[in-house]
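Report on the following structure.
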Amino acid sequence: MLSVNDFQAAAKRLSSVIHTIPLSSSKTFSEMSGAEVYLKFENQQKTGSFKVRGAYNKIMKRYEEGGLNAVVASSAGNHAQGVAFAASKIGVPATIVMPRSTPIAKVSATEGYGAKVVLHGAIYDEAYAKACEIVEKEGAEFIHPFDDEDVMAGQGTIALEILSDLPTVDMIFVPAGGGGLISGIAACIKQINPRIQIIGVQAQGANSIVTSFHKDQITPATSVHTIADGIAVKTPGTKTMEYINQYVDKFVTVTDSEISSTILLLLERCKQVVEPSGAAALAAVLNHKVDINGKKVCCVLSGGNIDVSFIHKVVERGLITRGRHMKFSTIMPDAPGSLERFSHLVAEQNANVILFNHDRVQADLDIGDAIIHVVCEVGGTEHGKRLLDKLRKEGYTILP
């Protein structure tokens, strides 16, 4: 079992490699949540996520022991970069198997550290099976992304840093996929100060740990569907679940819409780019998944490796979730001047039409009418409601 000495030894190995990122307090998120909120920005970490901690600790420990000739890993991206980075430091060849859905930015970054990338499977579990084949064929050593105590010890060094910056913390919210991060943090924290609560956060569409935690046995998810690719794991680790069951206090889930809204808030309020899995912990806090009123709360923002081409999709969903973009349809006469009148009413309400689609071919339309599908930019939910109320008052039927 991992001891505090294991976490301290890992911290020593990492001391000259990783970035020291102090906790940041957030007045905005504190006011929104009713708690005293602190953020651990691991999106600013070397390789863009916390994963470098566990990968580097594992590889360097094995290198110190001798006999390490080549490494193989499976990863949705962040562990891949950590393994590639660590392997490059000691001149050991690295092969990384990634799901085909992995963002291009993560593939390119991994190759940039000198690793060979193999794309295989739709989800992490399929990539893992392929990596095991390569290990057998080539005689390399597999570096597991989460179900390994040396990896967990590296991830748990985050706990030592949180305690150093905020020893009076009450609750730590941690995203969870396979469980390496939360098991490491929980094991370290609870052995030092059992008073501190550890809250795990999973995406609603990838909740295998939540199910396993409540059933007290490993229960793979029947399907995985979430924008949070970094925590989209179908089956949690055997070792990680042992630590989770022993040390974690509670698990909650967040929706993709809640994650998207949180990413947008982090961009606007903190000027921080955080990937979906990295935003999950703060999403749980802002959506009041746990009673945190008056508590000192720390959210681990686990990574920032989001594909630039994907950001606009996440931001769009976040704008809709927060009521900043509003989609609706209405019927109007298909005649000259109708669109001008509609646009004038929208402008009077200080809203901005950003997308407009004119549909004349729907079967149940009266002859001479058209349906218009509109996306408007508004100031928020109340502003959007005022706009729709005005349109109804002027005779427009807002369609469901």
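We label chains A, B, ... in the order they appear in the structure tokens, count residues from 1 in each chain, and number ligands from 1 in the order shown.
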
Mind checking DSSP for range 58-136 of chain A and telling me the strand (DSSP E) residues as a ChimeraX atom specification? /A:71-74,94-98,116-119

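Proximity to Val107 in chain A at 9 Å, evaluated using only C-alpha atoms and with sequence-adjacent residues fewer than 2 positions away removed, yields Gly77, Ala80, Gln81, Met98, Thr102, Pro103, Ile104, Ala105, Ala109, Thr110, Glu111, Gly112, Val117 and Leu119 of chain A.
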
If you count only C-alpha atoms, which residues fall within 9 Å of range 244-257 of chain A, apart from same-chain ones fewer than 4 positions away, as a VMD selection string? chain A and resid 179 182 to 184 186 to 187 189 to 190 194 197 to 207 209 to 210 213 to 214 216 226 to 228 239 to 240 261 to 262 276 280 to 281 283 to 284 287 289 to 290 314 317 to 318 320 to 321

DSSP alpha helix (DSSP H) residues within range 146-326 of chain A, listed as a VMD selection string: chain A and resid 149 to 155 157 to 165 180 to 192 208 to 215 238 to 247 256 to 265 276 to 286 308 to 321

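We find CA of Val83 in chain A and CA of Ala55 in chain A to be spaced 5.2 Å apart.
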
Residues near Asn352 in chain A, anyone? I mean within 10 Å using only C-alpha atoms, not counting same-chain ones fewer than 3 positions away, as a PyMOL selection string. chain A and resi 325+343+346-349+355+375-379

Selection near Phe142 in chain A, 12 Å with only C-alpha atoms, sequence-local residues under 5 positions removed, as an NGL selection string: :A and (55 or 58-59 or 62 or 68-75 or 80 or 83 or 94-97 or 128-137 or 147-148 or 151)

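Those residues that approach Ile21 in chain A to within 9 Å, counting only C-alpha atoms, are Lys40, Phe41, Glu42, Gln44, Gln45 and Glu161 of chain A; same-chain residues fewer than 6 positions away are not listed.
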
So which residues touch Thr330 in chain A within 7 Å, counting only C-alpha atoms, skipping near sequence neighbours fewer than 3 positions away, as a PyMOL selection string? chain A and resi 371-373+396-399

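Compared by their closest atoms to Gly323 in chain A, and using only C-alpha atoms, the residues A:Arg195, A:Ile367, A:Gly380, A:Leu264 rank with A:Gly380 nearest.
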
Given only C-alpha atoms as the basis, pick out the residue of A:Gly278, A:Gly154, A:Gly82, A:Gly67 nearest to Asn305 in chain A. A:Gly278
